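Chemist: Enclosed is the structure file protein-v4.cif (mmCIF, N, CA and C atoms).
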data_model
loop_
_atom_site.label_atom_id
_atom_site.label_comp_id
_atom_site.auth_asym_id
_atom_site.auth_seq_id
_atom_site.Cartn_x
_atom_site.Cartn_y
_atom_site.Cartn_z
N ILE K 444 -46.11 -66.72 -124.11
CA ILE K 444 -47.12 -66.18 -125.01
C ILE K 444 -48.41 -66.93 -124.72
N MET K 445 -49.39 -66.22 -124.27
CA MET K 445 -50.60 -66.86 -123.80
C MET K 445 -51.63 -67.09 -124.91
N THR K 446 -51.54 -66.35 -125.99
CA THR K 446 -52.55 -66.49 -127.04
C THR K 446 -51.87 -66.71 -128.39
N ASN K 447 -52.66 -66.96 -129.39
CA ASN K 447 -52.15 -67.11 -130.75
C ASN K 447 -52.19 -65.79 -131.52
N ASP K 448 -52.46 -64.67 -130.84
CA ASP K 448 -52.60 -63.39 -131.52
C ASP K 448 -51.40 -63.06 -132.40
N TRP K 449 -50.21 -63.40 -131.92
CA TRP K 449 -49.00 -63.07 -132.67
C TRP K 449 -49.01 -63.68 -134.07
N MET K 450 -49.67 -64.82 -134.23
CA MET K 450 -49.69 -65.49 -135.53
C MET K 450 -50.46 -64.71 -136.58
N ASN K 451 -51.33 -63.80 -136.15
CA ASN K 451 -52.14 -63.00 -137.08
C ASN K 451 -51.56 -61.62 -137.34
N ASP K 452 -50.37 -61.36 -136.82
CA ASP K 452 -49.74 -60.06 -137.00
C ASP K 452 -49.42 -59.85 -138.48
N PRO K 453 -49.72 -58.67 -139.02
CA PRO K 453 -49.46 -58.41 -140.44
C PRO K 453 -47.99 -58.58 -140.84
N ALA K 454 -47.07 -58.41 -139.90
CA ALA K 454 -45.65 -58.58 -140.21
C ALA K 454 -45.32 -60.00 -140.65
N LEU K 455 -46.17 -60.95 -140.29
CA LEU K 455 -45.92 -62.35 -140.60
C LEU K 455 -46.66 -62.83 -141.85
N ALA K 456 -47.30 -61.92 -142.55
CA ALA K 456 -48.14 -62.29 -143.69
C ALA K 456 -47.40 -63.10 -144.75
N GLY K 457 -46.10 -62.87 -144.90
CA GLY K 457 -45.33 -63.57 -145.93
C GLY K 457 -44.79 -64.91 -145.49
N ILE K 458 -45.07 -65.34 -144.28
CA ILE K 458 -44.53 -66.59 -143.77
C ILE K 458 -45.61 -67.67 -143.79
N ASP K 459 -45.25 -68.83 -144.30
CA ASP K 459 -46.16 -69.95 -144.44
C ASP K 459 -46.87 -70.26 -143.12
N GLN K 460 -48.17 -70.42 -143.18
CA GLN K 460 -48.98 -70.70 -141.99
C GLN K 460 -48.55 -72.01 -141.31
N ALA K 461 -48.08 -72.98 -142.07
CA ALA K 461 -47.63 -74.25 -141.50
C ALA K 461 -46.42 -74.02 -140.59
N LYS K 462 -45.55 -73.10 -140.97
CA LYS K 462 -44.38 -72.78 -140.14
C LYS K 462 -44.82 -72.12 -138.84
N LEU K 463 -45.77 -71.22 -138.94
CA LEU K 463 -46.25 -70.53 -137.74
C LEU K 463 -46.97 -71.50 -136.81
N SER K 464 -47.72 -72.41 -137.36
CA SER K 464 -48.40 -73.42 -136.54
C SER K 464 -47.38 -74.33 -135.85
N PHE K 465 -46.33 -74.69 -136.56
CA PHE K 465 -45.26 -75.49 -135.99
C PHE K 465 -44.65 -74.77 -134.78
N LEU K 466 -44.39 -73.47 -134.94
CA LEU K 466 -43.83 -72.68 -133.84
C LEU K 466 -44.79 -72.57 -132.66
N GLN K 467 -46.06 -72.38 -132.95
CA GLN K 467 -47.05 -72.27 -131.88
C GLN K 467 -47.10 -73.57 -131.08
N ALA K 468 -47.02 -74.70 -131.76
CA ALA K 468 -47.01 -75.99 -131.07
C ALA K 468 -45.76 -76.09 -130.20
N LEU K 469 -44.64 -75.65 -130.72
CA LEU K 469 -43.39 -75.65 -129.96
C LEU K 469 -43.52 -74.83 -128.68
N VAL K 470 -44.06 -73.63 -128.81
CA VAL K 470 -44.24 -72.75 -127.65
C VAL K 470 -45.18 -73.40 -126.64
N PHE K 471 -46.28 -73.93 -127.13
CA PHE K 471 -47.28 -74.54 -126.23
C PHE K 471 -46.69 -75.75 -125.50
N GLU K 472 -46.01 -76.62 -126.24
CA GLU K 472 -45.46 -77.84 -125.65
C GLU K 472 -44.35 -77.55 -124.65
N SER K 473 -43.58 -76.49 -124.87
CA SER K 473 -42.43 -76.20 -124.01
C SER K 473 -42.79 -75.36 -122.79
N ARG K 474 -43.99 -74.84 -122.74
CA ARG K 474 -44.38 -73.89 -121.71
C ARG K 474 -44.16 -74.39 -120.29
N THR K 475 -44.40 -75.66 -120.03
CA THR K 475 -44.33 -76.18 -118.67
C THR K 475 -43.03 -76.94 -118.38
N MET K 476 -42.10 -76.91 -119.31
CA MET K 476 -40.87 -77.68 -119.13
C MET K 476 -39.88 -77.01 -118.19
N LYS K 477 -39.12 -77.86 -117.51
CA LYS K 477 -38.01 -77.38 -116.70
C LYS K 477 -36.80 -77.21 -117.61
N LYS K 478 -35.82 -76.43 -117.16
CA LYS K 478 -34.65 -76.15 -117.99
C LYS K 478 -33.94 -77.42 -118.45
N ASP K 479 -33.84 -78.42 -117.58
CA ASP K 479 -33.12 -79.64 -117.95
C ASP K 479 -33.88 -80.47 -118.99
N GLN K 480 -35.12 -80.15 -119.24
CA GLN K 480 -35.91 -80.86 -120.25
C GLN K 480 -35.84 -80.17 -121.61
N MET K 481 -35.36 -78.94 -121.64
CA MET K 481 -35.42 -78.15 -122.87
C MET K 481 -34.51 -78.67 -123.98
N LEU K 482 -33.27 -79.03 -123.65
CA LEU K 482 -32.36 -79.47 -124.71
C LEU K 482 -32.88 -80.72 -125.41
N PRO K 483 -33.25 -81.79 -124.68
CA PRO K 483 -33.80 -82.95 -125.37
C PRO K 483 -35.05 -82.60 -126.18
N PHE K 484 -35.88 -81.71 -125.63
CA PHE K 484 -37.08 -81.29 -126.34
C PHE K 484 -36.73 -80.57 -127.64
N LEU K 485 -35.77 -79.65 -127.58
CA LEU K 485 -35.39 -78.90 -128.77
C LEU K 485 -34.75 -79.80 -129.82
N MET K 486 -34.01 -80.80 -129.38
CA MET K 486 -33.42 -81.76 -130.32
C MET K 486 -34.55 -82.53 -131.04
N ALA K 487 -35.56 -82.94 -130.29
CA ALA K 487 -36.70 -83.65 -130.87
C ALA K 487 -37.46 -82.74 -131.84
N VAL K 488 -37.61 -81.48 -131.47
CA VAL K 488 -38.31 -80.53 -132.33
C VAL K 488 -37.54 -80.33 -133.63
N ALA K 489 -36.23 -80.22 -133.53
CA ALA K 489 -35.40 -80.05 -134.73
C ALA K 489 -35.57 -81.25 -135.66
N LYS K 490 -35.60 -82.44 -135.09
CA LYS K 490 -35.78 -83.65 -135.89
C LYS K 490 -37.17 -83.66 -136.54
N ARG K 491 -38.18 -83.26 -135.76
CA ARG K 491 -39.54 -83.21 -136.29
C ARG K 491 -39.63 -82.18 -137.43
N GLY K 492 -38.97 -81.04 -137.24
CA GLY K 492 -38.96 -80.02 -138.28
C GLY K 492 -38.32 -80.54 -139.56
N GLN K 493 -37.23 -81.29 -139.41
CA GLN K 493 -36.58 -81.88 -140.59
C GLN K 493 -37.51 -82.87 -141.29
N SER K 494 -38.15 -83.73 -140.50
CA SER K 494 -39.02 -84.74 -141.11
C SER K 494 -40.23 -84.11 -141.79
N GLU K 495 -40.65 -82.96 -141.31
CA GLU K 495 -41.79 -82.26 -141.92
C GLU K 495 -41.32 -81.22 -142.94
N HIS K 496 -40.02 -81.18 -143.19
CA HIS K 496 -39.42 -80.25 -144.15
C HIS K 496 -39.73 -78.79 -143.82
N ILE K 497 -39.66 -78.46 -142.54
CA ILE K 497 -39.90 -77.10 -142.10
C ILE K 497 -38.56 -76.45 -141.80
N THR K 498 -38.25 -75.43 -142.57
CA THR K 498 -37.03 -74.66 -142.34
C THR K 498 -37.38 -73.18 -142.36
N PHE K 499 -36.54 -72.39 -141.72
CA PHE K 499 -36.77 -70.96 -141.64
C PHE K 499 -35.54 -70.22 -142.15
N SER K 500 -35.75 -69.21 -142.96
CA SER K 500 -34.65 -68.36 -143.39
C SER K 500 -34.28 -67.44 -142.23
N ASN K 501 -33.08 -66.84 -142.30
CA ASN K 501 -32.67 -65.90 -141.25
C ASN K 501 -33.66 -64.74 -141.16
N GLU K 502 -34.15 -64.28 -142.30
CA GLU K 502 -35.11 -63.18 -142.31
C GLU K 502 -36.41 -63.58 -141.61
N GLU K 503 -36.88 -64.80 -141.87
CA GLU K 503 -38.10 -65.28 -141.21
C GLU K 503 -37.89 -65.37 -139.70
N ILE K 504 -36.75 -65.88 -139.28
CA ILE K 504 -36.46 -66.01 -137.86
C ILE K 504 -36.45 -64.63 -137.19
N ASP K 505 -35.79 -63.67 -137.82
CA ASP K 505 -35.73 -62.32 -137.26
C ASP K 505 -37.12 -61.69 -137.17
N THR K 506 -37.91 -61.86 -138.23
CA THR K 506 -39.27 -61.29 -138.25
C THR K 506 -40.15 -61.94 -137.19
N ILE K 507 -40.09 -63.25 -137.10
CA ILE K 507 -40.90 -63.97 -136.12
C ILE K 507 -40.51 -63.57 -134.70
N ALA K 508 -39.20 -63.53 -134.42
CA ALA K 508 -38.74 -63.17 -133.07
C ALA K 508 -39.19 -61.76 -132.70
N ALA K 509 -39.04 -60.82 -133.62
CA ALA K 509 -39.45 -59.44 -133.35
C ALA K 509 -40.96 -59.36 -133.10
N THR K 510 -41.72 -60.11 -133.88
CA THR K 510 -43.17 -60.09 -133.73
C THR K 510 -43.59 -60.72 -132.40
N ILE K 511 -43.01 -61.86 -132.07
CA ILE K 511 -43.36 -62.52 -130.80
C ILE K 511 -43.02 -61.60 -129.63
N LYS K 512 -41.91 -60.88 -129.73
CA LYS K 512 -41.54 -59.95 -128.64
C LYS K 512 -42.63 -58.91 -128.40
N ASN K 513 -43.29 -58.48 -129.46
CA ASN K 513 -44.37 -57.49 -129.32
C ASN K 513 -45.53 -58.00 -128.49
N TYR K 514 -45.67 -59.31 -128.39
CA TYR K 514 -46.78 -59.93 -127.65
C TYR K 514 -46.31 -60.58 -126.35
N SER K 515 -45.05 -60.34 -125.98
CA SER K 515 -44.44 -61.00 -124.83
C SER K 515 -44.34 -60.08 -123.62
N THR K 516 -44.16 -60.72 -122.47
CA THR K 516 -43.87 -59.95 -121.26
C THR K 516 -42.43 -59.47 -121.35
N ALA K 517 -42.04 -58.56 -120.47
CA ALA K 517 -40.67 -58.06 -120.45
C ALA K 517 -39.68 -59.21 -120.22
N GLU K 518 -40.04 -60.11 -119.33
CA GLU K 518 -39.17 -61.26 -119.04
C GLU K 518 -39.01 -62.16 -120.26
N GLU K 519 -40.11 -62.42 -120.96
CA GLU K 519 -40.05 -63.24 -122.17
C GLU K 519 -39.22 -62.55 -123.25
N ALA K 520 -39.33 -61.23 -123.35
CA ALA K 520 -38.57 -60.48 -124.35
C ALA K 520 -37.07 -60.60 -124.08
N VAL K 521 -36.66 -60.57 -122.82
CA VAL K 521 -35.25 -60.73 -122.47
C VAL K 521 -34.77 -62.12 -122.90
N THR K 522 -35.57 -63.13 -122.66
CA THR K 522 -35.22 -64.50 -123.07
C THR K 522 -35.08 -64.59 -124.58
N ILE K 523 -35.99 -63.97 -125.31
CA ILE K 523 -35.92 -63.97 -126.78
C ILE K 523 -34.64 -63.30 -127.24
N ASP K 524 -34.30 -62.16 -126.64
CA ASP K 524 -33.06 -61.46 -127.00
C ASP K 524 -31.84 -62.34 -126.76
N LYS K 525 -31.82 -63.06 -125.64
CA LYS K 525 -30.70 -63.96 -125.33
C LYS K 525 -30.59 -65.06 -126.38
N MET K 526 -31.73 -65.65 -126.73
CA MET K 526 -31.73 -66.72 -127.74
C MET K 526 -31.24 -66.19 -129.09
N MET K 527 -31.65 -65.01 -129.45
CA MET K 527 -31.25 -64.44 -130.73
C MET K 527 -29.75 -64.15 -130.75
N ARG K 528 -29.21 -63.66 -129.62
CA ARG K 528 -27.76 -63.41 -129.55
C ARG K 528 -26.98 -64.73 -129.68
N LEU K 529 -27.45 -65.78 -129.01
CA LEU K 529 -26.78 -67.08 -129.09
C LEU K 529 -26.81 -67.62 -130.52
N ARG K 530 -27.91 -67.40 -131.18
CA ARG K 530 -28.09 -67.88 -132.55
C ARG K 530 -27.09 -67.25 -133.51
N LYS K 531 -26.73 -66.01 -133.24
CA LYS K 531 -25.86 -65.27 -134.17
C LYS K 531 -24.37 -65.47 -133.88
N LYS K 532 -24.05 -66.22 -132.84
CA LYS K 532 -22.64 -66.48 -132.52
C LYS K 532 -22.05 -67.51 -133.46
#
Represent the supplied structure as structure tokens.
Modeler:
Amino acid sequence: IMTNDWMNDPALAGIDQAKLSFLQALVFESRTMKKDQMLPFLMAVAKRGQSEHITFSNEEIDTIAATIKNYSTAEEAVTIDKMMRLRKK
């Protein structure tokens, strides 16, 4: 995701701006990482989210993922779909 446009999508109007900013930082920070760096990074992000008391409901996660897909390339959309399937297992 190259821009922050997705954060202004009307579908996200009910989601706290602090949560969206947290996600944008996550996307930005992870953009240049290699696959072997992702797990430690995601563990650190989870810890940071806990310390900042940032949690997402299942509905928020579904809405955010669907919205981000609208602003993603086809390849990014496939990755999002894979992550969402893993999440629901």
Chemist: Suppose you want the space between atom CA of Lys478 of chain K and atom C of Met526 of chain K; what is it in Å?
Modeler: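 Interatomic distance here is 15.3 Å.
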Chemist: Between atom CA of Lys512 of chain K and atom CA of Ser494 of chain K, what is the distance, to one decimal in Å?
Modeler: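 Result for atom CA of Lys512 of chain K versus atom CA of Ser494 of chain K: 27.9 Å, one decimal.
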Chemist: Identify all residues of chain K in helix (DSSP H, G or I) (DSSP on the backbone) and supply them as a ChimeraX atom specification.
Modeler: /K:448-451,453-455,460-473,478-494,501-513,517-530
Chemist: Please evaluate the PyMOL selection byres ((chain K and resi 449) around 7) against the displayed coordinates and give the resulting residues as a tab-separated table (two decimals) with N, CA and C atoms, in the frame of the given file.
Modeler:
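Saved the output as expr.tsv:
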chain	number	residue	atom	x	y	z
K	446	THR	N	-51.54	-66.35	-125.99
K	446	THR	CA	-52.55	-66.49	-127.04
K	446	THR	C	-51.87	-66.71	-128.39
K	447	ASN	N	-52.66	-66.96	-129.39
K	447	ASN	CA	-52.15	-67.11	-130.75
K	447	ASN	C	-52.19	-65.79	-131.52
K	448	ASP	N	-52.46	-64.67	-130.84
K	448	ASP	CA	-52.60	-63.39	-131.52
K	448	ASP	C	-51.40	-63.06	-132.40
K	450	MET	N	-49.67	-64.82	-134.23
K	450	MET	CA	-49.69	-65.49	-135.53
K	450	MET	C	-50.46	-64.71	-136.58
K	451	ASN	N	-51.33	-63.80	-136.15
K	451	ASN	CA	-52.14	-63.00	-137.08
K	451	ASN	C	-51.56	-61.62	-137.34
K	452	ASP	N	-50.37	-61.36	-136.82
K	452	ASP	CA	-49.74	-60.06	-137.00
K	452	ASP	C	-49.42	-59.85	-138.48
K	510	THR	N	-41.72	-60.11	-133.88
K	510	THR	CA	-43.17	-60.09	-133.73
K	510	THR	C	-43.59	-60.72	-132.40
K	511	ILE	N	-43.01	-61.86	-132.07
K	511	ILE	CA	-43.36	-62.52	-130.80
K	511	ILE	C	-43.02	-61.60	-129.63
K	514	TYR	N	-45.67	-59.31	-128.39
K	514	TYR	CA	-46.78	-59.93	-127.65
K	514	TYR	C	-46.31	-60.58	-126.35
Chemist: Restricting the calculation to only C-alpha atoms, which member of K:Met476, K:Ala489, K:Val521, K:Ile497 is positioned closest to Lys462 of chain K?
Modeler: K:Ile497
Chemist: Excluding same-chain residues fewer than 5 positions from Asp459 of chain K, what lies within 12 Å of it counting only C-alpha atoms, as a PyMOL selection string?
Modeler: chain K and resi 450-451+464-466+497-500+503+507
Chemist: Suppose you want the space between atom N of Glu502 of chain K and atom C of Met481 of chain K; what is it in Å?
Modeler: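 Separation between atom N of Glu502 of chain K and atom C of Met481 of chain K: 23.3 Å.
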Chemist: Could you tell me which of K:Leu469, K:Ile523, K:Leu529, K:Ala508 comes closest to Val488 of chain K if we count all atoms listed in the file?
Modeler: K:Leu469
Chemist: Which one of K:Val470, K:Gly492, K:Asp479, K:Thr506 sits closest to Pro453 of chain K if you count only C-alpha atoms?
Modeler: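 Closest residue, counting only C-alpha atoms: K:Thr506.
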Chemist: Edge lengths and centre in Å to one decimal, as AutoDock Vina command-line options, of the axis-aligned box that encloses all listed atoms of segment 488-494 of chain K with 3 Å added on every side?
Modeler:
--center_x -37.8 --center_y -82.4 --center_z -136.6 --size_x 10.8 --size_y 10.7 --size_z 16.3
